[in-house]
>>> print(open('my_file-v9.cif').read())   # mmCIF, C-alpha atoms and all ligand atoms
data_upload
#
loop_
_atom_site.group_PDB
_atom_site.id
_atom_site.type_symbol
_atom_site.label_atom_id
_atom_site.label_comp_id
_atom_site.auth_asym_id
_atom_site.auth_seq_id
_atom_site.Cartn_x
_atom_site.Cartn_y
_atom_site.Cartn_z
ATOM 1 C CA MET A 1 21.597 3.628 -16.493
ATOM 2 C CA LEU A 2 21.053 3.067 -20.174
ATOM 3 C CA ASP A 3 18.015 5.290 -20.277
ATOM 4 C CA PRO A 4 19.125 8.815 -21.208
ATOM 5 C CA PHE A 5 16.241 10.249 -19.176
ATOM 6 C CA GLY A 6 16.867 8.092 -16.146
ATOM 7 C CA ALA A 7 13.664 6.042 -16.145
ATOM 8 C CA ALA A 8 13.883 3.450 -13.385
ATOM 9 C CA ALA A 9 11.010 1.029 -13.827
ATOM 10 C CA ALA A 10 11.178 -0.914 -10.593
ATOM 11 C CA THR A 11 7.817 -0.491 -8.876
ATOM 12 C CA ASP A 12 5.796 -3.653 -8.464
ATOM 13 C CA GLY A 13 2.462 -4.814 -7.112
ATOM 14 C CA ARG A 14 1.521 -6.393 -3.814
ATOM 15 C CA TYR A 15 3.874 -8.846 -2.225
ATOM 16 C CA GLY A 16 3.761 -12.088 -4.192
ATOM 17 C CA THR A 17 1.629 -10.771 -7.061
ATOM 18 C CA PRO A 18 3.864 -9.425 -9.794
ATOM 19 C CA ASN A 19 1.974 -7.031 -12.016
ATOM 20 C CA CYS A 20 4.412 -7.299 -14.889
ATOM 21 C CA VAL A 21 5.675 -10.562 -16.371
ATOM 22 C CA ALA A 22 7.937 -11.379 -19.320
ATOM 23 C CA ARG A 23 8.121 -14.658 -21.202
ATOM 24 C CA TYR A 24 10.591 -15.967 -23.750
ATOM 25 C CA ALA A 25 9.180 -16.826 -27.206
ATOM 26 C CA GLY A 26 11.951 -17.869 -29.606
ATOM 27 C CA ASP A 27 14.246 -14.928 -30.202
ATOM 28 C CA LYS A 28 11.797 -12.513 -28.550
ATOM 29 C CA VAL A 29 10.700 -11.601 -25.054
ATOM 30 C CA ILE A 30 6.991 -10.777 -24.684
ATOM 31 C CA ILE A 31 6.057 -8.412 -21.862
ATOM 32 C CA ASN A 32 2.625 -7.980 -20.318
ATOM 33 C CA GLY A 33 1.493 -5.932 -17.338
ATOM 34 C CA GLN A 34 2.274 -2.570 -15.859
ATOM 35 C CA LYS A 35 4.713 -0.694 -13.711
ATOM 36 C CA SER A 36 3.080 1.835 -11.497
ATOM 37 C CA ALA A 37 2.933 4.652 -10.687
ATOM 38 C CA TRP A 38 6.164 6.240 -9.627
ATOM 39 C CA ILE A 39 8.520 5.592 -12.505
ATOM 40 C CA SER A 40 10.735 8.658 -12.727
ATOM 41 C CA GLY A 41 10.961 10.023 -16.236
ATOM 42 C CA SER A 42 8.215 7.670 -17.443
ATOM 43 C CA LEU A 43 6.487 10.353 -19.509
ATOM 44 C CA THR A 44 9.559 11.651 -21.292
ATOM 45 C CA ALA A 45 11.900 8.659 -21.503
ATOM 46 C CA GLU A 46 12.535 7.094 -24.913
ATOM 47 C CA VAL A 47 14.034 3.942 -23.463
ATOM 48 C CA CYS A 48 13.839 2.207 -20.090
ATOM 49 C CA VAL A 49 15.506 -0.639 -18.297
ATOM 50 C CA LEU A 50 12.595 -2.784 -17.147
ATOM 51 C CA CYS A 51 13.099 -5.048 -14.141
ATOM 52 C CA THR A 52 10.375 -7.651 -14.242
ATOM 53 C CA HIS A 53 9.363 -11.160 -13.277
ATOM 54 C CA VAL A 54 9.854 -13.824 -15.925
ATOM 55 C CA GLU A 55 7.915 -17.014 -16.593
ATOM 56 C CA GLN A 56 9.963 -20.066 -15.733
ATOM 57 C CA ASN A 57 8.535 -23.594 -15.474
ATOM 58 C CA GLY A 58 5.008 -22.178 -15.447
ATOM 59 C CA GLN A 59 5.789 -19.782 -12.566
ATOM 60 C CA ALA A 60 6.482 -16.037 -12.588
ATOM 61 C CA GLU A 61 9.768 -15.504 -10.767
ATOM 62 C CA PRO A 62 12.372 -12.735 -10.432
ATOM 63 C CA GLY A 63 13.537 -11.841 -12.882
ATOM 64 C CA ILE A 64 15.112 -10.169 -15.847
ATOM 65 C CA ALA A 65 16.323 -6.680 -16.653
ATOM 66 C CA ILE A 66 15.610 -5.747 -20.249
ATOM 67 C CA ILE A 67 16.038 -2.646 -22.388
ATOM 68 C CA VAL A 68 12.673 -1.553 -23.792
ATOM 69 C CA ASP A 69 12.151 1.045 -26.509
ATOM 70 C CA LEU A 70 9.192 2.973 -25.109
ATOM 71 C CA ASP A 71 7.957 3.892 -28.583
ATOM 72 C CA CYS A 72 7.427 0.275 -29.621
ATOM 73 C CA PRO A 73 3.906 -1.147 -30.202
ATOM 74 C CA GLY A 74 2.026 -2.140 -27.051
ATOM 75 C CA VAL A 75 3.674 0.400 -24.730
ATOM 76 C CA SER A 76 1.477 3.141 -23.273
ATOM 77 C CA ARG A 77 1.953 5.635 -20.461
ATOM 78 C CA GLY A 78 -0.217 6.980 -17.682
ATOM 79 C CA LYS A 79 -0.682 10.564 -16.536
ATOM 80 C CA PRO A 80 1.997 12.424 -14.599
ATOM 81 C CA LEU A 81 1.549 12.506 -10.834
ATOM 82 C CA ASP A 82 0.820 15.966 -9.443
ATOM 83 C CA LYS A 83 3.340 15.973 -6.600
ATOM 84 C CA MET A 84 4.421 18.393 -3.894
ATOM 85 C CA GLY A 85 8.187 18.302 -4.513
ATOM 86 C CA MET A 86 10.663 17.309 -7.240
ATOM 87 C CA ARG A 87 8.044 18.518 -9.695
ATOM 88 C CA SER A 88 10.460 18.855 -12.599
ATOM 89 C CA LEU A 89 10.961 15.064 -12.520
ATOM 90 C CA ASN A 90 7.803 13.432 -13.905
ATOM 91 C CA GLN A 91 6.430 10.134 -12.609
ATOM 92 C CA GLY A 92 3.701 7.867 -13.938
ATOM 93 C CA GLU A 93 2.762 4.361 -15.003
ATOM 94 C CA ILE A 94 3.993 2.388 -17.984
ATOM 95 C CA PHE A 95 1.709 -0.281 -19.460
ATOM 96 C CA PHE A 96 2.883 -3.243 -21.536
ATOM 97 C CA ASP A 97 0.423 -5.048 -23.800
ATOM 98 C CA ASN A 98 2.119 -7.959 -25.601
ATOM 99 C CA VAL A 99 5.242 -5.878 -26.112
ATOM 100 C CA GLU A 100 7.822 -7.765 -28.180
ATOM 101 C CA VAL A 101 11.482 -7.092 -27.495
ATOM 102 C CA PRO A 102 14.479 -8.931 -29.022
ATOM 103 C CA VAL A 103 16.168 -11.371 -26.620
ATOM 104 C CA SER A 104 19.407 -9.472 -27.238
ATOM 105 C CA HIS A 105 17.929 -6.622 -25.138
ATOM 106 C CA VAL A 106 18.078 -8.720 -21.967
ATOM 107 C CA ILE A 107 20.938 -7.347 -19.870
ATOM 108 C CA ALA A 108 20.436 -9.478 -16.747
ATOM 109 C CA GLY A 109 18.846 -12.914 -16.508
ATOM 110 C CA PRO A 110 17.730 -14.852 -13.412
ATOM 111 C CA GLU A 111 21.330 -15.717 -12.463
ATOM 112 C CA THR A 112 22.567 -12.127 -12.598
ATOM 113 C CA TYR A 113 19.300 -10.337 -11.733
ATOM 114 C CA LYS A 114 20.011 -9.914 -8.024
ATOM 115 C CA ALA A 115 23.437 -8.390 -8.678
ATOM 116 C CA PHE A 116 21.887 -6.078 -11.279
ATOM 117 C CA VAL A 117 19.142 -4.890 -8.924
ATOM 118 C CA LEU A 118 21.738 -4.314 -6.200
ATOM 119 C CA LYS A 119 23.714 -2.047 -8.534
ATOM 120 C CA ALA A 120 20.539 -0.204 -9.600
ATOM 121 C CA LEU A 121 19.643 0.427 -5.954
ATOM 122 C CA ILE A 122 23.169 1.677 -5.222
ATOM 123 C CA TYR A 123 22.963 3.974 -8.249
ATOM 124 C CA GLY A 124 19.519 5.258 -7.215
ATOM 125 C CA ASN A 125 20.368 5.930 -3.585
ATOM 126 C CA THR A 126 23.623 7.639 -4.525
ATOM 127 C CA GLY A 127 21.768 9.807 -7.038
ATOM 128 C CA VAL A 128 19.237 10.938 -4.442
ATOM 129 C CA ALA A 129 22.086 11.666 -2.017
ATOM 130 C CA GLY A 130 23.728 13.837 -4.682
ATOM 131 C CA THR A 131 20.493 15.693 -5.404
ATOM 132 C CA SER A 132 20.097 16.257 -1.663
ATOM 133 C CA VAL A 133 23.542 17.814 -1.424
ATOM 134 C CA GLY A 134 22.580 20.164 -4.263
ATOM 135 C CA VAL A 135 19.335 21.135 -2.537
ATOM 136 C CA ALA A 136 21.131 21.717 0.793
ATOM 137 C CA ARG A 137 23.797 23.850 -0.819
ATOM 138 C CA ALA A 138 21.268 25.898 -2.805
ATOM 139 C CA ALA A 139 19.238 26.522 0.371
ATOM 140 C CA TYR A 140 22.350 27.695 2.205
ATOM 141 C CA GLU A 141 23.369 29.995 -0.648
ATOM 142 C CA GLU A 142 19.863 31.459 -0.968
ATOM 143 C CA ALA A 143 19.826 32.190 2.764
ATOM 144 C CA LEU A 144 23.324 33.675 2.701
ATOM 145 C CA ALA A 145 22.376 36.082 -0.101
ATOM 146 C CA TYR A 146 19.082 37.014 1.563
ATOM 147 C CA VAL A 147 20.590 37.947 4.936
ATOM 148 C CA HIS A 148 22.862 40.442 3.204
ATOM 149 C CA GLU A 149 19.873 42.179 1.584
ATOM 150 C CA ARG A 150 17.128 42.082 4.164
ATOM 151 C CA LYS A 151 17.300 44.645 6.939
ATOM 152 C CA ALA A 152 15.825 44.153 10.416
ATOM 153 C CA GLY A 153 16.384 46.586 13.285
ATOM 154 C CA GLY A 154 18.026 49.034 10.849
ATOM 155 C CA VAL A 155 20.863 46.701 9.779
ATOM 156 C CA PRO A 156 21.192 43.774 7.338
ATOM 157 C CA LEU A 157 20.240 40.483 9.007
ATOM 158 C CA ILE A 158 23.841 39.259 8.668
ATOM 159 C CA GLN A 159 24.876 41.882 11.248
ATOM 160 C CA HIS A 160 22.899 40.015 13.895
ATOM 161 C CA GLN A 161 25.085 37.502 15.688
ATOM 162 C CA LEU A 162 22.318 34.893 15.905
ATOM 163 C CA ILE A 163 21.980 34.877 12.105
ATOM 164 C CA ARG A 164 25.703 34.151 11.706
ATOM 165 C CA TYR A 165 25.429 31.343 14.244
ATOM 166 C CA ARG A 166 22.513 29.829 12.309
ATOM 167 C CA LEU A 167 24.316 30.212 8.975
ATOM 168 C CA PHE A 168 27.329 28.404 10.370
ATOM 169 C CA HIS A 169 25.208 25.393 11.287
ATOM 170 C CA MET A 170 23.586 25.370 7.832
ATOM 171 C CA PHE A 171 27.036 25.462 6.238
ATOM 172 C CA ARG A 172 28.279 22.708 8.581
ATOM 173 C CA LYS A 173 25.396 20.459 7.503
ATOM 174 C CA VAL A 174 26.046 21.099 3.800
ATOM 175 C CA GLU A 175 29.684 20.100 4.293
ATOM 176 C CA MET A 176 28.676 16.990 6.285
ATOM 177 C CA ALA A 177 26.317 15.927 3.492
ATOM 178 C CA LYS A 178 28.958 16.542 0.834
ATOM 179 C CA ALA A 179 31.610 14.576 2.730
ATOM 180 C CA THR A 180 29.231 11.643 3.312
ATOM 181 C CA LEU A 181 28.287 11.545 -0.361
ATOM 182 C CA MET A 182 31.912 11.673 -1.519
ATOM 183 C CA ARG A 183 32.889 8.886 0.886
ATOM 184 C CA ALA A 184 30.121 6.618 -0.421
ATOM 185 C CA ILE A 185 31.035 7.351 -4.052
ATOM 186 C CA THR A 186 34.719 6.759 -3.401
ATOM 187 C CA TYR A 187 34.047 3.514 -1.559
ATOM 188 C CA ASN A 188 31.610 2.100 -4.097
ATOM 189 C CA GLY A 189 33.763 3.253 -6.999
ATOM 190 C CA THR A 190 36.902 1.529 -5.724
ATOM 191 C CA ALA A 191 35.945 -1.408 -3.460
ATOM 192 C CA PRO A 192 35.977 -4.881 -5.055
ATOM 193 C CA GLN A 193 32.299 -5.227 -4.110
ATOM 194 C CA PRO A 194 30.113 -2.094 -3.911
ATOM 195 C CA ALA A 195 28.101 -1.860 -0.684
ATOM 196 C CA LEU A 196 24.409 -0.986 -0.707
ATOM 197 C CA VAL A 197 24.710 0.065 2.919
ATOM 198 C CA ALA A 198 27.156 2.828 1.903
ATOM 199 C CA ALA A 199 24.683 4.201 -0.662
ATOM 200 C CA MET A 200 21.762 3.961 1.785
ATOM 201 C CA LEU A 201 23.803 5.692 4.474
ATOM 202 C CA ALA A 202 24.553 8.538 2.053
ATOM 203 C CA LYS A 203 20.917 8.801 0.911
ATOM 204 C CA VAL A 204 19.458 8.873 4.419
ATOM 205 C CA THR A 205 22.094 11.263 5.787
ATOM 206 C CA CYS A 206 22.116 13.694 2.864
ATOM 207 C CA SER A 207 18.332 13.910 2.469
ATOM 208 C CA GLN A 208 17.843 14.381 6.225
ATOM 209 C CA LEU A 209 20.489 17.127 6.267
ATOM 210 C CA ALA A 210 18.999 18.757 3.146
ATOM 211 C CA PHE A 211 15.639 18.879 4.883
ATOM 212 C CA GLU A 212 17.168 20.455 8.004
ATOM 213 C CA VAL A 213 19.072 23.057 5.964
ATOM 214 C CA ALA A 214 16.077 23.922 3.763
ATOM 215 C CA SER A 215 13.822 24.176 6.800
ATOM 216 C CA GLU A 216 16.248 26.523 8.544
ATOM 217 C CA GLY A 217 16.636 28.454 5.266
ATOM 218 C CA MET A 218 12.878 28.902 5.039
ATOM 219 C CA GLN A 219 12.794 30.086 8.643
ATOM 220 C CA MET A 220 15.583 32.571 7.935
ATOM 221 C CA LEU A 221 13.651 34.146 5.082
ATOM 222 C CA GLY A 222 10.654 34.604 7.359
ATOM 223 C CA GLY A 223 7.383 35.008 5.461
ATOM 224 C CA ASN A 224 9.249 35.299 2.169
ATOM 225 C CA GLY A 225 10.534 31.774 2.724
ATOM 226 C CA THR A 226 7.013 30.498 2.253
ATOM 227 C CA ALA A 227 6.324 32.549 -0.898
ATOM 228 C CA LYS A 228 6.604 30.872 -4.292
ATOM 229 C CA GLU A 229 8.380 34.003 -5.539
ATOM 230 C CA TYR A 230 11.429 32.814 -3.593
ATOM 231 C CA MET A 231 13.448 29.706 -4.454
ATOM 232 C CA MET A 232 13.483 28.577 -0.814
ATOM 233 C CA GLU A 233 9.863 27.439 -0.955
ATOM 234 C CA LYS A 234 10.674 25.048 -3.821
ATOM 235 C CA LEU A 235 13.857 23.803 -2.136
ATOM 236 C CA MET A 236 11.895 22.984 1.007
ATOM 237 C CA ARG A 237 9.354 20.946 -0.997
ATOM 238 C CA ASP A 238 12.121 19.133 -2.873
ATOM 239 C CA ALA A 239 14.030 18.366 0.323
ATOM 240 C CA ARG A 240 10.911 16.890 1.916
ATOM 241 C CA SER A 241 10.312 14.639 -1.091
ATOM 242 C CA LEU A 242 13.888 13.399 -1.095
ATOM 243 C CA MET A 243 13.359 11.776 2.313
ATOM 244 C CA ILE A 244 10.808 9.512 0.543
ATOM 245 C CA ALA A 245 12.202 9.104 -2.995
ATOM 246 C CA ASP A 246 14.144 5.879 -3.571
ATOM 247 C CA GLY A 247 12.959 4.450 -0.263
ATOM 248 C CA CYS A 248 11.581 6.131 2.863
ATOM 249 C CA ASN A 249 14.504 6.980 5.110
ATOM 250 C CA GLU A 250 13.261 4.898 8.029
ATOM 251 C CA TYR A 251 12.726 1.897 5.744
ATOM 252 C CA LEU A 252 16.242 2.266 4.349
ATOM 253 C CA ALA A 253 17.533 2.425 7.915
ATOM 254 C CA LEU A 254 15.739 -0.858 8.653
ATOM 255 C CA GLN A 255 17.311 -2.407 5.564
ATOM 256 C CA GLY A 256 20.698 -0.936 6.460
ATOM 257 C CA GLY A 257 20.470 -2.340 9.986
ATOM 258 C CA THR A 258 19.680 -5.756 8.546
ATOM 259 C CA GLN A 259 22.721 -5.506 6.297
ATOM 260 C CA LEU A 260 24.880 -4.678 9.313
ATOM 261 C CA MET A 261 23.525 -7.809 10.971
ATOM 262 C CA ASN A 262 24.258 -9.926 7.893
ATOM 263 C CA PRO A 263 25.430 -8.447 4.583
ATOM 264 C CA ASP A 264 24.143 -11.534 2.726
ATOM 265 C CA LEU A 265 20.518 -10.829 3.654
ATOM 266 C CA PHE A 266 19.850 -8.521 0.671
HETATM 267 C C1 LIG A 301 10.359 12.219 -6.180
HETATM 268 C C2 LIG A 301 10.110 10.739 -6.179
HETATM 269 C C3 LIG A 301 10.644 9.961 -7.204
HETATM 270 C C4 LIG A 301 10.405 8.578 -7.228
HETATM 271 N N1 LIG A 301 10.920 7.842 -8.274
HETATM 272 C C5 LIG A 301 10.699 6.507 -8.323
HETATM 273 C C6 LIG A 301 11.203 5.688 -9.422
HETATM 274 O O1 LIG A 301 11.835 6.184 -10.329
HETATM 275 N N2 LIG A 301 10.957 4.361 -9.421
HETATM 276 C C7 LIG A 301 10.258 3.775 -8.405
HETATM 277 O O2 LIG A 301 10.093 2.562 -8.418
HETATM 278 N N3 LIG A 301 9.748 4.525 -7.371
HETATM 279 C C8 LIG A 301 9.960 5.856 -7.306
HETATM 280 N N4 LIG A 301 9.444 6.614 -6.267
HETATM 281 C C9 LIG A 301 8.628 5.952 -5.268
HETATM 282 C C10 LIG A 301 9.396 5.744 -3.989
HETATM 283 O O3 LIG A 301 10.462 4.841 -4.211
HETATM 284 C C11 LIG A 301 8.414 5.231 -2.931
HETATM 285 O O4 LIG A 301 7.399 6.212 -2.739
HETATM 286 C C12 LIG A 301 9.139 4.977 -1.635
HETATM 287 O O5 LIG A 301 10.044 3.900 -1.786
HETATM 288 C C13 LIG A 301 8.174 4.643 -0.498
HETATM 289 O O6 LIG A 301 7.348 3.583 -0.867
HETATM 290 P P1 LIG A 301 5.774 3.736 -0.727
HETATM 291 O O7 LIG A 301 5.369 5.039 -1.309
HETATM 292 O O8 LIG A 301 5.188 2.490 -1.274
HETATM 293 O O9 LIG A 301 5.535 3.834 0.829
HETATM 294 P P2 LIG A 301 5.241 2.621 1.825
HETATM 295 O O10 LIG A 301 6.234 1.516 1.590
HETATM 296 O O11 LIG A 301 3.791 2.306 1.776
HETATM 297 O O12 LIG A 301 5.600 3.305 3.205
HETATM 298 C C14 LIG A 301 4.657 4.072 3.931
HETATM 299 C C15 LIG A 301 5.211 4.264 5.332
HETATM 300 O O13 LIG A 301 5.386 3.007 5.986
HETATM 301 C C16 LIG A 301 6.725 2.841 6.414
HETATM 302 N N5 LIG A 301 7.125 1.437 6.187
HETATM 303 C C17 LIG A 301 7.145 0.771 5.014
HETATM 304 N N6 LIG A 301 7.568 -0.487 5.197
HETATM 305 C C18 LIG A 301 7.813 -0.628 6.519
HETATM 306 C C19 LIG A 301 8.268 -1.719 7.329
HETATM 307 N N7 LIG A 301 8.582 -2.894 6.805
HETATM 308 N N8 LIG A 301 8.406 -1.494 8.653
HETATM 309 C C20 LIG A 301 8.103 -0.302 9.189
HETATM 310 N N9 LIG A 301 7.664 0.759 8.477
HETATM 311 C C21 LIG A 301 7.528 0.593 7.165
HETATM 312 C C22 LIG A 301 7.546 3.789 5.568
HETATM 313 O O14 LIG A 301 8.713 4.211 6.245
HETATM 314 C C23 LIG A 301 6.562 4.960 5.346
HETATM 315 O O15 LIG A 301 6.642 5.870 6.414
HETATM 316 C C24 LIG A 301 9.660 7.977 -6.217
HETATM 317 C C25 LIG A 301 9.136 8.761 -5.172
HETATM 318 C C26 LIG A 301 9.350 10.126 -5.152
HETATM 319 C C27 LIG A 301 8.776 10.955 -4.014
#
>>> encode(input="my_file-v9.cif", output="structure tokens", more="lines below")
Ligand SMILES: Cc1cc2nc3c(=O)[nH]c(=O)nc-3n(C[C@H](O)[C@H](O)[C@H](O)COP(=O)(O)OP(=O)(O)OC[C@H]3O[C@@H](n4cnc5c(N)ncnc54)[C@H](O)[C@@H]3O)c2cc1C
Amino acid sequence: MLDPFGAAAATDGRYGTPNCVARYAGDKVIINGQKSAWISGSLTAEVCVLCTHVEQNGQAEPGIAIIVDLDCPGVSRGKPLDKMGMRSLNQGEIFFDNVEVPVSHVIAGPETYKAFVLKALIYGNTGVAGTSVGVARAAYEEALAYVHERKAGGVPLIQHQLIRYRLFHMFRKVEMAKATLMRAITYNGTAPQPALVAAMLAKVTCSQLAFEVASEGMQMLGGNGTAKEYMMEKLMRDARSLMIADGCNEYLALQGGTQLMNPDLF
């Protein structure tokens, strides 16, 4: 993305009622409305790529993607959401009040908008899959270190066969997530047409596996797994959020199933 802080301004209002609309006025685009309330990086980003409806023949229709300097007059930001997981990534609203942007900042117009959004979704889902792999791996490594230190029954936990069995399955899931992510990246980086279904598959698989690994990691640390003093508690909260970020996993599965039925239905 063009935004150095990764702001993805894609949230919209109710079906059929766009809450942000752009209109062309000479060599400028004027933007009015808001994007709410889950724009990642919205409080810290200097620039965003705004995907918005555009006025055409008196109607607001999808759409354009336009680079907006978030320090320009008419832009204001809401408060950060106080979330359970992924707390280091801020989210909030962005408001546009007669914001004027040069036409040269439009990077996708109505003809290319769908292809642009498709690429943004692929990028987003792949990013969440990558974050999930990181969370899964960190949870495994935290658990591995802990079972060498903590003693139960007079010996370090790692000496208990059941612990080694459980660690193996955590490790197996980390490797599965990593392999799925790499396959999606390789496919979408080399195929003539990138496939959204590959990115969705990676996002759903990796975030589900990250949740399973973090949950098992928390269990392995016992009470300490639930204490904020230990990293595992944070990893568990992050893993849970990743099953929702960039599309709830079950919704992505519905979309993915539809794509399997007919790839042109996006
Ligand atoms: C950490 C984090 C970062 C985020 N960053 C961004 C961002 O940068 N930009 C952005 O735009 N958004 C962002 N989001 C928002 C995120 O994309 C949405 O929360 C997510 O897509 C789910 O949408 P929703 O919250 O509207 O839930 P809803 O769509 O209301 O879903 C609620 C429930 O209904 C189910 N459901 C929904 N539709 C259907 C259906 N058709 N059939 C059956 N069941 C259905 C869902 O599976 C879910 O269980 C972020 C969220 C998180 C947690």
>>> residues_near_ligand(input="my_file-v9.cif", ligand="ligand LIG 301 (chain A)", cutoff="9 Å", atoms="only C-alpha atoms and all ligand atoms", output="PyMOL selection string")
chain A and resi 6-12+35-42+83-87+89-91+124+238+240-252+254-255
>>> residues_near_point(input="my_file-v9.cif", point="(21.9, 4.0, -7.2)", cutoff="12 Å", atoms="all atoms listed in the file", output="PyMOL selection string")
chain A and resi 1+6+8+116-131+184-185+188-189+194-203+245-247
>>> residues_around(input="my_file-v9.cif", residues="range 206-217 of chain A", least_positions_apart="6", cutoff="7 Å", atoms="all atoms listed in the file", output="PyMOL selection string")
chain A and resi 129+132-133+135-136+139-140+143+170+173+177+232+235-236+239-240+242-243
>>> residues_around(input="my_file-v9.cif", residues="Arg150 in chain A", least_positions_apart="2", cutoff="12 Å", atoms="all atoms listed in the file", output="list of chain:residue names")
A:Ala143, A:Leu144, A:Ala145, A:Tyr146, A:Val147, A:His148, A:Ala152, A:Gly153, A:Gly154, A:Val155, A:Pro156, A:Leu157, A:Ile158, A:Gln159, A:His160, A:Ile163, A:Met220, A:Leu221, A:Gly222, A:Asn224
>>> atom_distance(input="my_file-v9.cif", atom1="CA of Thr17 in chain A", atom2="CA of Asp264 in chain A")
24.6 Å
>>> closest_residue(input="my_file-v9.cif", among="A:Arg23, A:Arg172, A:Arg77, A:Arg164", to="Asn98 in chain A", atoms="only C-alpha atoms")
A:Arg23
>>> residues_around(input="my_file-v9.cif", residues="range 53-69 of chain A", least_positions_apart="2", cutoff="10 Å", atoms="all atoms listed in the file", output="PDB file with C-alpha atoms, in the coordinates of the input")
ATOM      1  CA  LEU A   2      21.053   3.067 -20.174  1.00  0.00           C
ATOM      2  CA  ASP A   3      18.015   5.290 -20.277  1.00  0.00           C
ATOM      3  CA  ALA A   9      11.010   1.029 -13.827  1.00  0.00           C
ATOM      4  CA  ALA A  10      11.178  -0.914 -10.593  1.00  0.00           C
ATOM      5  CA  ASP A  12       5.796  -3.653  -8.464  1.00  0.00           C
ATOM      6  CA  GLY A  16       3.761 -12.088  -4.192  1.00  0.00           C
ATOM      7  CA  THR A  17       1.629 -10.771  -7.061  1.00  0.00           C
ATOM      8  CA  PRO A  18       3.864  -9.425  -9.794  1.00  0.00           C
ATOM      9  CA  ASN A  19       1.974  -7.031 -12.016  1.00  0.00           C
ATOM     10  CA  CYS A  20       4.412  -7.299 -14.889  1.00  0.00           C
ATOM     11  CA  VAL A  21       5.675 -10.562 -16.371  1.00  0.00           C
ATOM     12  CA  ALA A  22       7.937 -11.379 -19.320  1.00  0.00           C
ATOM     13  CA  ARG A  23       8.121 -14.658 -21.202  1.00  0.00           C
ATOM     14  CA  TYR A  24      10.591 -15.967 -23.750  1.00  0.00           C
ATOM     15  CA  VAL A  29      10.700 -11.601 -25.054  1.00  0.00           C
ATOM     16  CA  ILE A  30       6.991 -10.777 -24.684  1.00  0.00           C
ATOM     17  CA  ILE A  31       6.057  -8.412 -21.862  1.00  0.00           C
ATOM     18  CA  ALA A  45      11.900   8.659 -21.503  1.00  0.00           C
ATOM     19  CA  GLU A  46      12.535   7.094 -24.913  1.00  0.00           C
ATOM     20  CA  VAL A  47      14.034   3.942 -23.463  1.00  0.00           C
ATOM     21  CA  CYS A  48      13.839   2.207 -20.090  1.00  0.00           C
ATOM     22  CA  VAL A  49      15.506  -0.639 -18.297  1.00  0.00           C
ATOM     23  CA  LEU A  50      12.595  -2.784 -17.147  1.00  0.00           C
ATOM     24  CA  CYS A  51      13.099  -5.048 -14.141  1.00  0.00           C
ATOM     25  CA  ASP A  71       7.957   3.892 -28.583  1.00  0.00           C
ATOM     26  CA  CYS A  72       7.427   0.275 -29.621  1.00  0.00           C
ATOM     27  CA  PRO A  73       3.906  -1.147 -30.202  1.00  0.00           C
ATOM     28  CA  VAL A  75       3.674   0.400 -24.730  1.00  0.00           C
ATOM     29  CA  VAL A  99       5.242  -5.878 -26.112  1.00  0.00           C
ATOM     30  CA  GLU A 100       7.822  -7.765 -28.180  1.00  0.00           C
ATOM     31  CA  VAL A 101      11.482  -7.092 -27.495  1.00  0.00           C
ATOM     32  CA  PRO A 102      14.479  -8.931 -29.022  1.00  0.00           C
ATOM     33  CA  VAL A 103      16.168 -11.371 -26.620  1.00  0.00           C
ATOM     34  CA  SER A 104      19.407  -9.472 -27.238  1.00  0.00           C
ATOM     35  CA  HIS A 105      17.929  -6.622 -25.138  1.00  0.00           C
ATOM     36  CA  VAL A 106      18.078  -8.720 -21.967  1.00  0.00           C
ATOM     37  CA  ILE A 107      20.938  -7.347 -19.870  1.00  0.00           C
ATOM     38  CA  ALA A 108      20.436  -9.478 -16.747  1.00  0.00           C
ATOM     39  CA  GLY A 109      18.846 -12.914 -16.508  1.00  0.00           C
ATOM     40  CA  PRO A 110      17.730 -14.852 -13.412  1.00  0.00           C
ATOM     41  CA  GLU A 111      21.330 -15.717 -12.463  1.00  0.00           C
ATOM     42  CA  THR A 112      22.567 -12.127 -12.598  1.00  0.00           C
ATOM     43  CA  TYR A 113      19.300 -10.337 -11.733  1.00  0.00           C
ATOM     44  CA  LYS A 114      20.011  -9.914  -8.024  1.00  0.00           C
ATOM     45  CA  PHE A 116      21.887  -6.078 -11.279  1.00  0.00           C
ATOM     46  CA  VAL A 117      19.142  -4.890  -8.924  1.00  0.00           C
TER      47      VAL A 117
END
>>> closest_residue(input="my_file-v9.cif", among="A:Arg183, A:Lys178, A:Lys234, A:Lys79", to="Arg137 in chain A", atoms="only C-alpha atoms")
A:Lys178
